[in-house]
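Source file: input-v4.cif; contents: mmCIF, C-alpha atoms and all ligand atoms.
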data_structure
#
loop_
_atom_site.label_atom_id
_atom_site.label_comp_id
_atom_site.auth_asym_id
_atom_site.auth_seq_id
_atom_site.Cartn_x
_atom_site.Cartn_y
_atom_site.Cartn_z
CA MET A 1 84.80 -23.02 257.86
CA ILE A 2 84.64 -26.76 257.73
CA LYS A 3 86.06 -28.65 260.68
CA THR A 4 89.86 -28.91 260.71
CA ASN A 5 91.34 -32.39 260.93
CA LYS A 6 93.23 -33.02 264.14
CA LEU A 7 96.86 -34.06 263.88
CA VAL A 8 97.89 -36.28 266.78
CA MET A 9 101.01 -34.41 267.85
CA ILE A 10 101.10 -35.74 271.41
CA PRO A 11 104.12 -37.91 272.31
CA GLY A 12 102.17 -41.04 271.35
CA PRO A 13 100.01 -42.20 269.80
CA THR A 14 101.52 -40.55 266.74
CA PRO A 15 99.95 -40.15 263.29
CA VAL A 16 99.15 -43.54 261.72
CA VAL A 17 99.62 -43.62 257.95
CA ARG A 18 96.99 -45.12 255.63
CA SER A 19 98.93 -48.28 254.76
CA ILE A 20 99.26 -49.14 258.47
CA GLN A 21 95.58 -48.35 259.14
CA ASP A 22 94.71 -50.70 256.26
CA GLN A 23 96.50 -53.60 257.96
CA MET A 24 94.38 -53.10 261.07
CA ALA A 25 91.24 -53.13 258.92
CA ARG A 26 92.02 -56.51 257.35
CA GLU A 27 89.80 -59.48 257.98
CA THR A 28 91.08 -61.22 261.09
CA VAL A 29 92.33 -64.79 260.60
CA ALA A 30 93.15 -67.66 262.95
CA PHE A 31 96.43 -67.26 264.82
CA GLY A 32 97.50 -70.57 263.30
CA ASP A 33 96.80 -69.37 259.75
CA ALA A 34 99.89 -70.28 257.72
CA ALA A 35 100.23 -66.85 256.09
CA PHE A 36 99.89 -65.06 259.43
CA VAL A 37 102.44 -67.37 261.08
CA LYS A 38 104.89 -66.50 258.30
CA ASP A 39 104.18 -62.76 258.68
CA PHE A 40 104.69 -62.89 262.45
CA SER A 41 107.97 -64.82 262.08
CA GLU A 42 109.23 -62.26 259.58
CA VAL A 43 108.43 -59.34 261.91
CA ILE A 44 110.34 -61.00 264.73
CA ALA A 45 113.34 -61.73 262.50
CA ASP A 46 113.39 -58.16 261.17
CA LEU A 47 113.17 -56.57 264.62
CA LYS A 48 115.99 -58.80 265.83
CA ALA A 49 118.26 -57.90 262.92
CA MET A 50 117.46 -54.17 262.95
CA TRP A 51 118.23 -53.75 266.67
CA ARG A 52 121.30 -56.02 266.30
CA CYS A 53 120.04 -58.31 269.03
CA ASP A 54 121.97 -61.58 269.61
CA GLY A 55 119.19 -63.03 271.76
CA GLU A 56 115.41 -63.02 271.43
CA VAL A 57 112.59 -60.64 270.53
CA PHE A 58 109.17 -60.76 272.17
CA VAL A 59 106.09 -59.15 270.61
CA VAL A 60 103.21 -59.32 273.08
CA ALA A 61 99.83 -57.57 273.43
CA GLY A 62 100.02 -54.84 276.06
CA SER A 63 101.16 -51.23 276.41
CA GLY A 64 104.68 -49.95 276.98
CA THR A 65 104.32 -50.16 280.74
CA MET A 66 103.87 -53.90 280.38
CA GLY A 67 107.16 -53.96 278.48
CA MET A 68 108.84 -52.25 281.43
CA GLU A 69 107.40 -54.84 283.79
CA MET A 70 108.36 -57.68 281.45
CA ALA A 71 111.98 -56.46 281.39
CA ILE A 72 112.16 -56.33 285.19
CA ALA A 73 110.24 -59.57 285.79
CA ASN A 74 112.58 -61.63 283.59
CA THR A 75 115.90 -60.32 284.89
CA THR A 76 115.46 -59.95 288.65
CA LYS A 77 114.53 -61.85 291.77
CA ARG A 78 113.31 -60.60 295.14
CA GLY A 79 116.11 -58.90 297.08
CA ASP A 80 118.14 -57.87 294.01
CA ASN A 81 119.64 -54.39 293.83
CA VAL A 82 118.40 -52.18 291.02
CA LEU A 83 119.87 -48.82 290.03
CA ILE A 84 117.23 -46.61 288.42
CA CYS A 85 118.54 -43.69 286.36
CA SER A 86 115.63 -41.29 286.21
CA ASN A 87 115.29 -38.12 284.18
CA GLY A 88 111.62 -37.60 285.08
CA TYR A 89 108.16 -39.13 285.22
CA PHE A 90 108.78 -42.31 283.20
CA GLY A 91 112.13 -42.99 284.79
CA ASP A 92 110.40 -42.80 288.17
CA ARG A 93 107.80 -45.33 286.97
CA PHE A 94 110.41 -48.08 287.50
CA ILE A 95 110.64 -47.24 291.23
CA ASP A 96 107.16 -48.40 292.27
CA MET A 97 107.32 -51.31 289.84
CA CYS A 98 110.58 -52.58 291.33
CA THR A 99 109.61 -51.88 294.94
CA ARG A 100 106.41 -53.93 294.55
CA LYS A 101 108.49 -56.86 293.33
CA GLY A 102 110.60 -56.73 296.49
CA LEU A 103 113.70 -55.28 294.82
CA ASN A 104 116.00 -52.81 296.56
CA THR A 105 116.02 -49.65 294.53
CA ASP A 106 118.51 -46.81 294.42
CA VAL A 107 117.67 -43.85 292.22
CA ILE A 108 119.92 -41.34 290.48
CA SER A 109 117.71 -38.42 289.50
CA ALA A 110 118.63 -35.65 287.10
CA GLU A 111 117.21 -32.14 287.30
CA TRP A 112 114.18 -31.85 285.03
CA GLY A 113 115.54 -30.93 281.61
CA ALA A 114 118.91 -32.61 282.20
CA SER A 115 120.09 -36.22 282.12
CA VAL A 116 121.84 -38.68 284.35
CA THR A 117 125.42 -38.92 283.04
CA PRO A 118 127.80 -41.87 282.55
CA GLU A 119 129.99 -40.42 285.32
CA MET A 120 127.10 -40.52 287.79
CA VAL A 121 126.39 -44.16 286.87
CA GLU A 122 130.07 -45.12 287.14
CA LYS A 123 130.33 -43.64 290.62
CA LYS A 124 127.24 -45.45 291.85
CA LEU A 125 128.39 -48.80 290.42
CA ALA A 126 131.68 -48.47 292.30
CA GLU A 127 129.80 -48.13 295.61
CA LYS A 128 127.56 -51.19 295.52
CA GLN A 129 126.89 -54.42 293.65
CA TYR A 130 123.82 -54.00 291.43
CA GLN A 131 122.10 -56.72 289.43
CA VAL A 132 120.23 -54.38 287.09
CA VAL A 133 120.51 -50.78 285.84
CA THR A 134 117.58 -49.04 284.10
CA VAL A 135 117.81 -45.99 281.85
CA THR A 136 114.97 -44.21 280.03
CA HIS A 137 116.26 -43.48 276.52
CA VAL A 138 113.91 -40.56 275.83
CA GLU A 139 112.15 -39.17 278.90
CA THR A 140 108.72 -38.18 277.66
CA SER A 141 108.01 -35.72 280.47
CA THR A 142 111.03 -33.53 279.67
CA GLY A 143 112.06 -34.25 276.06
CA VAL A 144 115.48 -35.35 277.29
CA GLU A 145 117.52 -38.05 275.55
CA ALA A 146 119.84 -39.95 277.88
CA PRO A 147 123.34 -40.77 276.56
CA ILE A 148 122.61 -44.51 276.33
CA ALA A 149 125.72 -45.34 274.29
CA ALA A 150 128.07 -43.60 276.74
CA ILE A 151 126.32 -45.23 279.71
CA GLY A 152 126.69 -48.50 277.78
CA GLU A 153 130.48 -48.00 277.79
CA VAL A 154 130.34 -47.88 281.61
CA MET A 155 128.11 -50.95 281.67
CA LYS A 156 130.62 -52.90 279.55
CA LYS A 157 133.03 -52.68 282.52
CA HIS A 158 130.39 -54.47 284.63
CA PRO A 159 129.37 -57.45 282.49
CA GLU A 160 127.60 -59.10 285.45
CA ILE A 161 124.95 -56.33 285.47
CA ILE A 162 121.89 -56.32 283.17
CA TYR A 163 121.48 -53.01 281.32
CA ILE A 164 117.80 -52.24 280.63
CA VAL A 165 116.77 -49.39 278.32
CA ASP A 166 113.20 -48.08 278.24
CA GLY A 167 113.01 -47.29 274.56
CA VAL A 168 109.32 -46.45 274.42
CA ALA A 169 109.59 -42.85 273.20
CA ALA A 170 112.74 -43.51 271.19
CA SER A 171 112.74 -46.87 269.36
CA GLY A 172 112.36 -46.35 265.64
CA GLY A 173 113.26 -42.66 265.95
CA ALA A 174 116.57 -42.62 267.84
CA ASP A 175 119.62 -44.85 267.39
CA GLN A 176 119.48 -48.06 269.41
CA TYR A 177 122.04 -50.73 268.63
CA MET A 178 122.20 -53.41 271.29
CA ASP A 179 125.59 -54.82 270.29
CA THR A 180 127.73 -51.68 270.15
CA MET A 181 125.84 -49.93 272.96
CA GLY A 182 126.12 -52.94 275.27
CA ILE A 183 122.37 -53.04 275.97
CA ASP A 184 120.87 -56.24 277.40
CA VAL A 185 117.16 -55.43 277.24
CA VAL A 186 115.32 -52.80 275.20
CA LEU A 187 111.57 -52.47 275.60
CA SER A 188 109.24 -50.44 273.46
CA CYS A 189 105.73 -50.36 272.05
CA THR A 190 103.85 -49.61 268.87
CA GLN A 191 102.25 -46.18 269.31
CA LYS A 192 105.28 -43.92 269.45
CA ALA A 193 108.03 -43.71 266.80
CA PHE A 194 106.76 -46.94 265.16
CA GLY A 195 103.62 -45.02 264.15
CA VAL A 196 101.20 -47.88 264.82
CA ALA A 197 98.08 -47.76 267.02
CA PRO A 198 98.64 -48.64 270.70
CA GLY A 199 98.44 -52.27 271.73
CA LEU A 200 101.72 -54.16 271.29
CA THR A 201 104.87 -54.15 273.36
CA MET A 202 108.20 -55.25 271.93
CA VAL A 203 111.01 -56.52 274.15
CA TRP A 204 114.48 -57.28 272.82
CA ALA A 205 116.58 -59.47 275.13
CA SER A 206 120.28 -60.17 274.51
CA ALA A 207 121.79 -63.67 274.82
CA LYS A 208 123.14 -62.50 278.20
CA ALA A 209 119.66 -61.43 279.34
CA MET A 210 118.27 -64.82 278.23
CA GLU A 211 121.00 -66.57 280.28
CA LYS A 212 119.96 -64.43 283.25
CA ARG A 213 116.32 -65.45 282.74
CA LYS A 214 117.37 -69.10 282.72
CA SER A 215 119.30 -68.70 285.98
CA LEU A 216 116.16 -67.42 287.75
CA GLY A 217 114.19 -70.67 287.35
CA ALA A 218 110.43 -70.20 287.77
CA ILE A 219 109.36 -66.56 288.20
CA PRO A 220 106.14 -65.38 289.91
CA GLU A 221 104.75 -63.73 286.78
CA SER A 222 102.93 -65.75 284.16
CA TYR A 223 101.59 -63.74 281.18
CA ILE A 224 104.84 -61.78 280.81
CA ASP A 225 107.24 -64.69 281.40
CA PHE A 226 109.85 -64.99 278.60
CA ASP A 227 109.72 -68.78 279.05
CA LYS A 228 106.01 -68.87 278.20
CA TRP A 229 106.43 -66.78 275.04
CA LEU A 230 109.70 -68.18 273.73
CA PRO A 231 108.14 -71.21 271.96
CA VAL A 232 105.61 -68.84 270.32
CA MET A 233 108.29 -66.41 269.14
CA HIS A 234 110.19 -69.35 267.62
CA ASP A 235 107.03 -70.77 266.03
CA PRO A 236 104.01 -68.43 266.08
CA SER A 237 101.60 -71.28 265.29
CA LYS A 238 102.09 -72.32 268.94
CA TYR A 239 99.81 -70.89 271.63
CA TRP A 240 100.34 -69.10 274.93
CA GLY A 241 98.08 -66.00 274.73
CA THR A 242 96.22 -65.05 271.56
CA PRO A 243 98.38 -62.66 269.53
CA ALA A 244 96.90 -59.30 268.48
CA ILE A 245 96.78 -60.47 264.86
CA ASN A 246 95.84 -57.22 263.13
CA LEU A 247 98.36 -55.23 265.17
CA VAL A 248 101.10 -57.67 264.22
CA TRP A 249 100.28 -56.98 260.57
CA ALA A 250 100.29 -53.25 261.27
CA LEU A 251 103.69 -53.59 262.96
CA LYS A 252 104.94 -55.53 259.94
CA GLU A 253 103.93 -52.65 257.66
CA SER A 254 105.64 -50.20 260.02
CA VAL A 255 108.84 -52.25 259.87
CA ARG A 256 108.56 -52.38 256.07
CA ILE A 257 108.32 -48.56 255.99
CA MET A 258 111.40 -48.32 258.25
CA LYS A 259 113.39 -50.61 255.99
CA GLU A 260 112.28 -48.70 252.92
CA GLU A 261 113.43 -45.39 254.47
CA GLY A 262 116.56 -47.02 255.88
CA LEU A 263 117.04 -47.16 259.64
CA GLU A 264 120.11 -44.88 259.68
CA GLU A 265 118.36 -42.30 257.51
CA ARG A 266 115.26 -42.57 259.69
CA TYR A 267 117.31 -41.78 262.79
CA ALA A 268 119.06 -38.92 260.99
CA ARG A 269 115.74 -37.54 259.73
CA HIS A 270 114.37 -37.48 263.27
CA ARG A 271 117.38 -35.44 264.43
CA ARG A 272 117.02 -32.96 261.55
CA GLN A 273 113.26 -32.74 262.05
CA ALA A 274 113.62 -32.10 265.79
CA ALA A 275 116.23 -29.37 265.24
CA MET A 276 113.91 -27.64 262.76
CA PHE A 277 110.91 -27.83 265.10
CA ASP A 278 112.92 -26.53 268.06
CA ALA A 279 114.40 -23.67 265.99
CA ALA A 280 110.95 -22.75 264.64
CA LEU A 281 109.41 -22.50 268.12
CA GLU A 282 112.45 -20.68 269.51
CA ALA A 283 112.05 -18.10 266.72
CA ILE A 284 108.73 -17.06 268.25
CA GLY A 285 109.99 -17.00 271.81
CA PHE A 286 109.31 -20.50 273.15
CA ARG A 287 112.00 -22.20 275.19
CA VAL A 288 112.99 -25.84 274.75
CA ALA A 289 112.90 -27.37 278.24
CA ALA A 290 115.66 -29.90 277.58
CA GLU A 291 119.26 -28.73 277.87
CA LYS A 292 120.89 -28.48 274.47
CA ALA A 293 123.18 -31.48 274.99
CA PHE A 294 120.22 -33.74 275.77
CA ARG A 295 117.47 -32.71 273.33
CA ALA A 296 115.49 -35.69 272.12
CA PRO A 297 114.99 -36.34 268.41
CA THR A 298 111.44 -37.61 268.96
CA LEU A 299 109.58 -35.07 271.11
CA SER A 300 110.05 -31.71 272.77
CA VAL A 301 108.71 -29.78 275.72
CA TYR A 302 108.13 -26.16 274.69
CA LEU A 303 107.87 -23.64 277.52
CA TYR A 304 105.71 -20.56 276.99
CA PRO A 305 107.60 -17.30 276.47
CA GLU A 306 108.03 -15.16 279.57
CA GLY A 307 105.40 -12.44 279.70
CA SER A 308 103.40 -13.90 276.80
CA GLY A 309 100.34 -14.10 279.02
CA ILE A 310 99.45 -17.49 277.51
CA ASP A 311 97.12 -19.59 279.64
CA ASP A 312 98.20 -23.23 279.34
CA ALA A 313 94.82 -24.99 279.29
CA LYS A 314 93.31 -22.41 276.95
CA PHE A 315 96.30 -22.52 274.60
CA ARG A 316 96.18 -26.29 274.18
CA THR A 317 92.41 -26.20 273.63
CA VAL A 318 92.77 -23.50 270.97
CA LEU A 319 95.68 -25.42 269.41
CA ALA A 320 93.58 -28.57 269.19
CA GLY A 321 90.85 -26.52 267.51
CA GLU A 322 93.44 -25.21 265.06
CA GLY A 323 94.33 -28.79 264.19
CA ALA A 324 97.16 -29.99 266.43
CA GLN A 325 96.60 -32.04 269.56
CA THR A 326 99.42 -31.67 272.06
CA ALA A 327 99.93 -32.81 275.64
CA GLY A 328 100.18 -30.88 278.88
CA CYS A 329 103.40 -30.88 280.84
CA LEU A 330 104.09 -32.98 283.91
CA GLY A 331 105.85 -32.40 287.24
CA GLY A 332 107.89 -29.23 287.48
CA PHE A 333 106.88 -28.12 283.98
CA ALA A 334 103.11 -28.51 284.54
CA GLY A 335 101.21 -25.43 283.35
CA LYS A 336 104.36 -23.86 281.91
CA GLY A 337 104.39 -25.34 278.44
CA PHE A 338 103.22 -28.13 276.16
CA ARG A 339 104.65 -31.38 274.91
CA MET A 340 104.76 -32.09 271.21
CA GLY A 341 105.78 -35.27 269.45
CA HIS A 342 107.68 -35.03 266.16
CA MET A 343 108.33 -38.70 265.62
CA GLY A 344 107.30 -41.61 263.47
CA ASN A 345 105.94 -41.51 259.96
CA ILE A 346 105.30 -37.78 259.78
CA ASP A 347 105.75 -35.99 256.47
CA LYS A 348 106.37 -32.38 255.45
CA HIS A 349 102.64 -31.59 255.32
CA THR A 350 102.24 -32.62 258.94
CA LEU A 351 105.26 -30.65 260.12
CA VAL A 352 104.13 -27.48 258.33
CA SER A 353 100.53 -27.80 259.52
CA ALA A 354 101.56 -28.34 263.13
CA ILE A 355 103.81 -25.27 263.28
CA ALA A 356 101.22 -23.16 261.45
CA ALA A 357 98.59 -24.21 264.00
CA VAL A 358 100.91 -23.16 266.85
CA GLU A 359 101.36 -19.71 265.29
CA ARG A 360 97.61 -19.17 264.84
CA SER A 361 96.99 -20.31 268.41
CA CYS A 362 99.53 -17.85 269.78
CA VAL A 363 97.74 -14.97 268.04
CA LYS A 364 94.32 -16.25 269.10
CA CYS A 365 95.53 -16.42 272.71
CA GLY A 366 96.75 -12.84 272.66
CA TYR A 367 100.45 -13.50 272.13
CA ALA A 368 101.06 -11.47 268.99
CA VAL A 369 103.69 -13.37 267.04
CA GLU A 370 104.46 -12.46 263.47
CA LEU A 371 102.57 -15.07 261.45
CA GLY A 372 104.94 -17.05 259.27
CA LYS A 373 108.00 -16.43 261.40
CA ALA A 374 108.26 -19.92 262.90
CA LEU A 375 106.94 -21.40 259.69
CA GLY A 376 109.65 -19.60 257.73
CA VAL A 377 112.35 -21.20 259.85
CA LEU A 378 110.81 -24.62 259.33
CA GLN A 379 110.41 -24.06 255.58
CA LYS A 380 114.06 -23.09 255.21
CA GLY A 381 114.96 -26.43 256.73
CA LEU A 382 112.41 -28.46 254.80
CA VAL A 383 113.46 -27.09 251.44
CA ASN A 384 116.72 -29.04 251.85
CA GLU A 385 114.97 -32.29 252.73
C1 LIG A 401 104.74 -43.70 276.89
C2 LIG A 401 105.88 -44.17 277.69
C3 LIG A 401 105.79 -45.28 278.54
C4 LIG A 401 104.49 -45.97 278.83
O1 LIG A 401 103.92 -46.55 277.71
P1 LIG A 401 102.37 -46.93 277.73
O2 LIG A 401 102.15 -47.51 276.37
O3 LIG A 401 101.64 -45.65 277.95
O4 LIG A 401 102.16 -47.89 278.82
C5 LIG A 401 106.92 -45.72 279.20
N1 LIG A 401 108.09 -45.11 279.03
C6 LIG A 401 108.24 -44.04 278.22
C7 LIG A 401 109.57 -43.41 278.06
C8 LIG A 401 107.13 -43.54 277.53
O5 LIG A 401 107.26 -42.48 276.73
#
Please lay out the structure from this file as structure tokens.
Amino acid sequence: MIKTNKLVMIPGPTPVVRSIQDQMARETVAFGDAAFVKDFSEVIADLKAMWRCDGEVFVVAGSGTMGMEMAIANTTKRGDNVLICSNGYFGDRFIDMCTRKGLNTDVISAEWGASVTPEMVEKKLAEKQYQVVTVTHVETSTGVEAPIAAIGEVMKKHPEIIYIVDGVAASGGADQYMDTMGIDVVLSCTQKAFGVAPGLTMVWASAKAMEKRKSLGAIPESYIDFDKWLPVMHDPSKYWGTPAINLVWALKESVRIMKEEGLEERYARHRRQAAMFDAALEAIGFRVAAEKAFRAPTLSVYLYPEGSGIDDAKFRTVLAGEGAQTAGCLGGFAGKGFRMGHMGNIDKHTLVSAIAAVERSCVKCGYAVELGKALGVLQKGLVNE
């Protein structure tokens, strides 16, 4: 047998389509190049319109974690009270980040597999004056989607508070509308549902968040200061830090693909795709770790069937050999299952190949599933696509 190509089915990076790869392979130009400046401006304008942002968009070199830090740095000052709504590993990431900045943090934690609810947030906001609330839209360690719109309704009753959404594993795959959802800051990055290589963070800040930034005066951070980047975002021929030119082009192509598919259809496709994947794996005995009400459209945590005798490390190694790279579980789910992304620019071939690889791996690891059973469920869904 010739070597099988590996599909990147981890929850980011996700598969990068040829037309996006081609943008990264282009000859690099000066950041002041007139054509590049125009391209960069268009990306910023598109992102602003698509997320229905009435403020500013920042596109800066760095990973998603930098986006989280950028959101916090530009909306808080030492001594502020922050309410962190955490559904797992990435929600918790805000705790250390905020504590280091000298913020007082309170945390509402959901059981792994469940989500913090609007009621829990409402109760907490009635007890104490917070300056900022953070919510992780899709928690990558559990495959849980938080009800960001319903939490947004609670936030609308507290207009003095800044509502930050970590959109990293959601943006471009799950509905995010800043205006109707009452979101003040969304942060994301390129390697998840945008389907671009890692390297850029995107931060959307509402007019209210920009007012908040202004009220803070000088902040301790420099590279991630909105004030430093704002002139560049308004006119990309200006300089603060050198933009990641080829990645900006790649992001532009990703945005073009999103517009071509239609954002609403893209979100709907992700929900259909996720339901098919979950049903396919359930058909061969796997359990979806996220509670039904909170299943994410972009990635899932699949727990091994009871009594299957599957060894986690071996299974994922075999699965990678069969052509699908997946990720191990974190926290309470560690060793009990695997994490699989189903987001971004993935087509029918990819979906079919990934499920087929899972079936072969089960058999190779001694869990005798009926080959084609999960695939059949997926195919019945895909035939209507
Ligand atoms: C991946 C991820 C991050 C971190 O992004 P990096 O690019 O790895 O820094 C933060 N939040 C969520 C929800 C994520 O899925």
Contacts of ligand LIG 401 (chain A), 7 Å or closer, only C-alpha atoms and all ligand atoms, given as a short mmCIF file (atom, residue, chain, number, x, y, z; two decimals) with C-alpha atoms, in the frame of the given file:
data_model
loop_
_atom_site.label_atom_id
_atom_site.label_comp_id
_atom_site.auth_asym_id
_atom_site.auth_seq_id
_atom_site.Cartn_x
_atom_site.Cartn_y
_atom_site.Cartn_z
CA GLY A 12 102.17 -41.04 271.35
CA SER A 63 101.16 -51.23 276.41
CA GLY A 64 104.68 -49.95 276.98
CA THR A 65 104.32 -50.16 280.74
CA MET A 66 103.87 -53.90 280.38
CA PHE A 90 108.78 -42.31 283.20
CA THR A 136 114.97 -44.21 280.03
CA HIS A 137 116.26 -43.48 276.52
CA VAL A 138 113.91 -40.56 275.83
CA GLU A 139 112.15 -39.17 278.90
CA THR A 140 108.72 -38.18 277.66
CA ASP A 166 113.20 -48.08 278.24
CA GLY A 167 113.01 -47.29 274.56
CA VAL A 168 109.32 -46.45 274.42
CA ALA A 169 109.59 -42.85 273.20
CA CYS A 189 105.73 -50.36 272.05
CA PRO A 198 98.64 -48.64 270.70
#
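Between A:Met276 and the residues A:Glu260, A:Asp80, A:Glu385, A:Asp227, the shortest atom-to-atom distance, using only C-alpha atoms, involves A:Glu385.
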At most 7 Å is the cut-off: for each residue in stretch 201-263 of chain A with any atom that close to an atom of stretch 45-56 of chain A, write down the nearest atom pair and the distance in Å rounded to one decimal, counting all atoms listed in the file, chain first then increasing number, as a tab-separated table.
residue	atom	partner	partner_atom	distance
A:Trp204	CA	A:Glu56	CA	6.0
A:Ala205	CA	A:Glu56	CA	5.3
A:Ser206	CA	A:Gly55	CA	4.1
A:Ala207	CA	A:Gly55	CA	4.1
A:Met210	CA	A:Gly55	CA	6.8
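The space separating atom CA of A:Gln379 from atom CA of A:Pro15 comes to 20.7 Å.
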Atom CA of A:Gly195 and atom CA of A:Glu265 are how many Å apart?
16.4 Å
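Distances from A:Cys98, A:Met68, A:Val132, A:Ala250 to A:Ala209 were compared using all atoms listed in the file, and the smallest one belongs to A:Val132.
Distance-wise, atom CA of A:Leu103 and atom CA of A:Gly79 end up 4.9 Å apart.
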Residue contacts of stretch 191-194 of chain A (8 Å, only C-alpha atoms) excluding same-chain residues fewer than 6 positions away, as a PyMOL selection string:
chain A and resi 11-14+168-173+251+254-255+298+343-345
Set the distance at 6 Å and use only C-alpha atoms: which residues neighbour A:Ile84 once local chain neighbours fewer than 2 positions away are removed? I'd like the list as a ChimeraX atom specification.
/A:86,107,133-134
Calculated over all atoms listed in the file, which of the candidates A:Arg360, A:Val17, A:Glu145, A:Ala313 has the smallest distance to A:Leu299?
A:Glu145
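Shown here are all protein and nucleic acid residues lying within 12 Å of (123.5, -33.6, 284.8), with all atoms listed in the file considered: Cys85, Ser86, Asn87, Ile108, Ser109, Ala110, Glu111, Trp112, Gly113, Ala114, Ser115, Val116, Thr117, Pro118, Glu119, Met120, Val121, Val144, Glu145, Ala146, Pro147, Ala290, Glu291, Lys292, Ala293 and Phe294 of chain A.
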With a distance cut-off of 12 Å and all atoms listed in the file, select the neighbouring residues of A:Tyr239, excluding the residue or stretch itself and same-chain residues fewer than 2 positions from it, and output the selection as an NGL selection string.
:A and (30-32 or 37 or 228-237 or 241-243)
Kindly compute an axis-aligned box around the listed atoms of stretch 112-118 of chain A, allowing 3 Å on each side, and express its centre and edge lengths in Å to one decimal as AutoDock Vina command-line options.
--center_x 121.0 --center_y -36.4 --center_z 283.3 --size_x 19.6 --size_y 16.9 --size_z 9.4
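Residue nearest A:Glu282 within the list A:Tyr89, A:Tyr304, A:Tyr267, A:Tyr367: A:Tyr304 [criterion: smallest interatomic distance, only C-alpha atoms].
With only C-alpha atoms as the atoms that count, the minimum distance from A:Arg271 to the choices A:Met258, A:Ile284, A:Ala174, A:Ala73 is reached by A:Ala174.
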Between A:Val383, A:Leu281, A:Met178, A:Val377, which one has atoms that come closest to A:Phe338, using only C-alpha atoms?
A:Leu281
Sphere at (97.6, -30.8, 267.6), radius 12 Å, counting only C-alpha atoms: residues as a PyMOL selection string:
chain A and resi 4-15+315-328+338-342+350-361
Excluding A:Pro305 and any residue of its chain fewer than 2 positions from it, enumerate the residues within 8 Å of it, using all atoms listed in the file, and give them as a PyMOL selection string.
chain A and resi 285-287+303+307-308
Write out as a ChimeraX atom specification the residues lying within 7 Å of stretch 155-157 of chain A, counting all atoms listed in the file and excluding same-chain residues fewer than 4 positions away.
/A:151,163,182
